[in-house]
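One file, work-v1.txt, carrying compact mmCIF, C-alpha atoms:
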```
# COMPACT_ATOMS: atom_id res chain seq x y z
CA MET A 272 0.00 0.00 0.00
CA THR A 273 1.41 3.37 -0.97
CA LYS A 274 0.92 6.46 1.10
CA SER A 275 -0.77 9.35 -0.64
CA ARG A 276 0.78 12.75 -0.36
CA THR A 277 -1.30 15.54 1.09
CA THR A 278 -0.62 19.22 0.75
CA PRO A 279 -1.27 21.41 3.80
CA THR A 280 -4.27 23.60 3.14
CA ASN A 281 -2.80 26.60 4.94
CA SER A 282 0.44 26.82 2.93
CA LYS A 283 0.93 30.01 0.97
CA THR A 284 3.59 31.13 -1.43
CA PRO A 285 5.42 34.40 -0.77
CA ARG A 286 3.85 37.39 -2.39
CA LYS A 287 4.89 40.95 -3.11
CA SER A 288 3.74 43.67 -0.76
CA SER A 289 2.58 47.06 -2.02
CA GLY A 290 6.06 48.47 -1.35
CA GLY A 291 7.69 45.93 -3.66
CA VAL A 292 9.20 43.87 -0.82
CA SER A 293 8.64 40.14 -0.61
CA SER A 294 6.38 39.30 2.33
CA ALA A 295 6.15 36.09 4.32
CA THR A 296 3.03 34.08 5.03
CA ALA A 297 -0.13 35.66 6.37
CA GLY A 298 0.83 34.98 9.99
CA ALA A 299 4.02 37.05 9.84
CA PRO A 300 4.08 40.51 11.46
CA ALA A 301 3.50 43.51 9.20
CA ALA A 302 6.90 44.99 10.07
CA ALA A 303 8.64 42.07 8.37
CA ALA A 304 6.70 42.73 5.20
CA THR A 305 7.87 46.32 5.00
CA THR A 306 11.55 45.93 5.86
CA PRO A 307 13.81 45.78 2.78
CA THR A 308 15.84 42.61 2.38
CA GLY A 309 18.94 41.64 0.43
CA THR A 310 22.71 41.61 0.71
CA PRO A 311 24.46 44.81 1.89
CA ALA A 312 25.75 45.41 -1.64
CA GLU A 313 22.28 45.02 -3.13
CA MET A 314 20.77 47.37 -0.56
CA GLU A 315 23.44 50.02 -1.12
CA LYS A 316 22.80 49.84 -4.86
CA LYS A 317 19.07 50.21 -4.28
CA PHE A 318 19.52 53.18 -1.94
CA ALA A 319 21.91 54.84 -4.40
CA GLY A 320 19.27 54.44 -7.10
CA LEU A 321 16.67 56.06 -4.84
CA ARG A 322 19.07 58.94 -4.20
CA ARG A 323 19.45 59.49 -7.94
CA PHE A 324 15.70 59.28 -8.38
CA ASN A 325 15.10 61.93 -5.70
CA LEU A 326 17.64 64.28 -7.30
CA ILE A 327 16.02 63.90 -10.72
CA MET A 328 12.52 64.43 -9.34
CA GLY A 329 13.72 67.40 -7.29
CA PHE A 330 15.06 69.13 -10.40
CA LEU A 331 11.93 68.22 -12.37
CA HIS A 332 9.60 69.73 -9.77
CA LEU A 333 11.85 72.78 -9.42
CA VAL A 334 11.76 73.45 -13.17
CA GLN A 335 7.98 72.98 -13.22
CA GLY A 336 7.53 75.37 -10.29
CA ILE A 337 9.70 78.08 -11.85
CA PHE A 338 7.92 77.63 -15.19
CA MET A 339 4.55 77.99 -13.46
CA ILE A 340 5.63 81.30 -11.89
CA VAL A 341 7.02 82.63 -15.19
CA VAL A 342 3.94 81.85 -17.30
CA SER A 343 1.33 82.75 -14.69
CA ASN A 344 -0.66 85.97 -15.00
CA ASP A 345 -1.73 88.47 -12.35
CA THR A 346 -4.93 86.66 -11.40
CA THR A 347 -5.62 87.03 -7.69
CA TYR A 348 -8.22 85.66 -5.28
CA PRO A 349 -9.34 87.52 -2.16
CA ILE A 350 -9.04 86.28 1.42
CA PHE A 351 -11.54 87.81 3.85
CA THR A 352 -11.87 87.95 7.60
CA ASN A 353 -15.49 87.70 8.65
CA TYR A 354 -15.99 88.80 12.24
CA LEU A 355 -19.34 89.78 13.68
CA ASN A 356 -20.28 93.34 14.61
CA PHE A 357 -22.94 94.28 17.10
CA ASP A 358 -25.52 96.61 15.61
CA VAL A 359 -26.73 98.86 18.41
CA ALA A 360 -29.76 100.07 16.47
CA SER A 361 -31.16 96.60 15.71
CA ARG A 362 -29.60 94.98 18.80
CA SER A 363 -28.28 92.13 16.64
CA LEU A 364 -25.04 90.69 15.30
CA SER A 365 -24.19 91.22 11.64
CA PRO A 366 -21.25 89.93 9.59
CA ASN A 367 -18.49 92.39 8.75
CA PRO A 368 -16.28 90.95 5.98
CA GLN A 369 -12.95 92.70 5.55
CA LEU A 370 -10.44 92.09 2.77
CA LEU A 371 -7.25 90.72 4.30
CA TYR A 372 -5.12 89.76 1.31
CA GLU A 373 -5.15 89.34 -2.46
CA LEU A 374 -3.45 86.00 -3.22
CA ARG A 375 -1.71 85.63 -6.58
CA PHE A 376 -2.90 82.27 -7.81
CA GLY A 377 0.00 81.33 -10.14
CA PRO A 378 2.78 81.45 -7.50
CA ALA A 379 0.46 79.71 -5.02
CA VAL A 380 0.06 76.79 -7.43
CA ALA A 381 3.82 76.81 -8.05
CA ALA A 382 4.35 76.44 -4.29
CA PHE A 383 2.72 73.00 -4.57
CA LEU A 384 5.51 71.90 -6.92
CA LEU A 385 8.27 73.66 -5.00
CA ILE A 386 7.33 71.90 -1.75
CA SER A 387 7.81 68.57 -3.55
CA ALA A 388 11.14 69.77 -4.95
CA ILE A 389 12.37 70.70 -1.47
CA ALA A 390 11.37 67.28 -0.10
CA HIS A 391 13.18 65.42 -2.90
CA PHE A 392 16.34 67.53 -2.52
CA TYR A 393 16.30 66.97 1.24
CA LEU A 394 16.10 63.20 0.83
CA ALA A 395 18.96 63.21 -1.69
CA THR A 396 21.28 65.51 0.30
CA VAL A 397 21.27 66.43 4.00
CA GLY A 398 18.46 64.01 4.88
CA TYR A 399 19.83 61.03 2.96
CA GLU A 400 21.28 59.16 5.95
CA ARG A 401 18.07 59.49 7.93
CA TYR A 402 16.10 58.50 4.81
CA VAL A 403 18.10 55.26 4.48
CA LYS A 404 17.77 54.56 8.20
CA ASN A 405 13.99 54.96 7.99
CA LEU A 406 13.76 52.75 4.89
CA LYS A 407 15.64 50.00 6.71
CA GLN A 408 12.94 50.18 9.38
CA GLY A 409 10.20 50.03 6.77
CA MET A 410 9.04 53.64 6.94
CA ASN A 411 9.26 56.85 4.90
CA PRO A 412 7.90 59.73 7.01
CA ILE A 413 9.17 62.55 4.78
CA ARG A 414 6.77 61.38 2.06
CA PHE A 415 3.85 61.98 4.43
CA TYR A 416 5.16 65.32 5.73
CA GLU A 417 5.55 66.63 2.17
CA TYR A 418 2.24 65.17 1.05
CA ALA A 419 0.41 66.66 4.03
CA LEU A 420 1.61 70.16 3.14
CA SER A 421 1.30 70.00 -0.65
CA SER A 422 -2.07 68.24 -0.77
CA SER A 423 -3.55 70.55 1.88
CA LEU A 424 -2.39 73.56 -0.11
CA MET A 425 -3.83 72.19 -3.35
CA ILE A 426 -7.24 71.45 -1.80
CA VAL A 427 -7.37 74.99 -0.38
CA LEU A 428 -6.52 76.44 -3.81
CA ILE A 429 -9.21 74.33 -5.46
CA GLY A 430 -11.64 75.62 -2.84
CA MET A 431 -10.70 79.21 -3.65
CA LEU A 432 -11.60 78.59 -7.29
CA ILE A 433 -15.20 77.93 -6.23
CA GLY A 434 -15.50 80.80 -3.75
CA LEU A 435 -13.86 79.61 -0.53
CA TRP A 436 -12.43 82.98 0.48
CA ASP A 437 -13.07 83.10 4.22
CA LEU A 438 -9.85 82.97 6.28
CA GLY A 439 -11.40 80.87 9.03
CA ALA A 440 -12.68 78.24 6.60
CA ILE A 441 -9.33 78.15 4.76
CA LEU A 442 -7.37 77.61 7.99
CA LEU A 443 -9.83 74.96 9.16
CA ILE A 444 -9.61 72.95 5.93
CA PHE A 445 -5.82 73.25 5.73
CA THR A 446 -5.34 72.18 9.36
CA CYS A 447 -7.71 69.21 9.08
CA LEU A 448 -5.99 67.96 5.93
CA LEU A 449 -2.63 68.03 7.71
CA TYR A 450 -3.94 65.01 9.61
CA THR A 451 -2.81 62.90 6.64
CA SER A 452 0.66 62.97 8.21
CA ASP A 453 -0.49 61.01 11.26
CA ALA A 454 0.82 57.71 9.88
CA ALA A 455 4.32 58.96 9.09
CA ASP A 456 5.90 57.53 12.22
CA GLU A 457 3.92 54.29 12.44
CA ARG A 458 6.64 51.84 11.50
CA SER A 459 4.66 48.63 11.20
CA SER A 460 1.63 50.13 9.45
CA VAL A 461 3.29 52.17 6.69
CA ASP A 462 5.11 50.65 3.72
CA LEU A 463 8.13 52.07 1.86
CA GLY A 464 5.88 54.25 -0.25
CA GLY A 465 4.20 55.71 2.81
CA ARG A 466 0.89 53.92 2.26
CA ARG A 467 -1.01 52.42 5.15
CA ILE A 468 -1.00 48.63 5.51
CA ILE A 469 -4.30 47.17 6.60
CA LYS A 470 -3.65 44.27 8.90
CA LYS A 471 -5.92 41.30 8.27
CA LYS A 472 -7.27 39.29 11.14
CA LYS A 473 -5.87 35.79 11.46
CA THR A 474 -8.32 33.08 10.50
CA LYS A 475 -8.24 29.80 12.34
```
Could you express the structure from this file as structure tokens?
Amino acid sequence: MTKSRTTPTNSKTPRKSSGGVSSATAGAPAAAATTPTGTPAEMEKKFAGLRRFNLIMGFLHLVQGIFMIVVSNDTTYPIFTNYLNFDVASRSLSPNPQLLYELRFGPAVAAFLLISAIAHFYLATVGYERYVKNLKQGMNPIRFYEYALSSSLMIVLIGMLIGLWDLGAILLIFTCLLYTSDAADERSSVDLGGRRIIKKKKTK
């Protein structure tokens, strides 16, 4: 009588995580899935490639930002304060909008690109050692810090296009959107690209 071979039903082949790093089976901790692996020589080559990439992208965003400033026109959008005044005659509160600032829209849009350029140059120069150290731990916080600023600015500018000119509303929206940086320091729940990793519950 020959013994039949059986394959364990819970065996799984390694798969690629969203950060491009090979992950272990489903039961492995998330931190292992986000930590880069390879020989020291391979890792140094990969980090050197990322440094080159950041330099290239920094120059690209810088050129785009300067070009945006050069070709932009004098279009401005107003920013108002809107405090309440007490009307003695009617014994009621009434809004009192006051023009605070006329924002040139072209340079404001260019700032979105220049923030990205600064982040890329930082990662490729003075922040490179910290960047590599964070990548070895499976995290990339600078991506979230830059994204929090640039995306918040862009949403505010889009709002101004449709009439969001109140200073209080602008500050509220900008501050709330900065919350996107809350995952920047969560080592085991952020992959190399800065994206959140949703941990799946273990099934028995």
Region 427-439 of chain A surroundings by only C-alpha atoms, 9 Å radius, close-in-sequence under 2 positions cut, as an NGL selection string: :A and (348-353 or 368 or 371 or 376 or 379-380 or 422-425 or 441-445)
Please list, as a PyMOL selection string, the residues that have an atom at most 9 Å away from (-0.5, 65.6, 4.0) in the coordinates of this file, counting all atoms listed in the file. chain A and resi 414-423+448-453
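Each of A:Glu313, A:Arg323, A:Gln369, A:Phe318 was checked against Glu400 (chain A) using only C-alpha atoms; the smallest atom-to-atom distance is that of A:Phe318.
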Measure the distance from CA of Ala381 (chain A) to CA of Leu394 (chain A) in Å and round it to one decimal.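 Atom-to-atom, CA of Ala381 (chain A) and CA of Leu394 (chain A) are spaced 20.4 Å apart.
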For Met328 (chain A), the nearest of the candidates A:Ser387, A:Thr446, A:Asn356, A:Gln408, counting all atoms listed in the file: A:Ser387
Report the distance between CA of Leu385 (chain A) and CA of Leu333 (chain A) in Å, rounded to one decimal place. 5.8 Å
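Taking CA of Ala319 (chain A) as the reference point, CA of Leu406 (chain A) is found at 12.5 Å.
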Please write as number ranges by chain the list of polymer residues whose atoms come within 10 Å of (18.0, 65.3, -0.7), counting only C-alpha atoms and keeping to the coordinates of the file. A: 322-323, 325-326, 329, 388-400, 402
Would you place a box with edges along x, y and z of the file around all atoms of region 395-399 of chain A listed there, add 3 Å to each of its six sides, and report the centre and edge lengths in Å to one decimal, as lines of an AutoDock Vina configuration file?
```
center_x = 19.9
center_y = 63.7
center_z = 1.6
size_x = 8.8
size_y = 11.4
size_z = 12.6
```
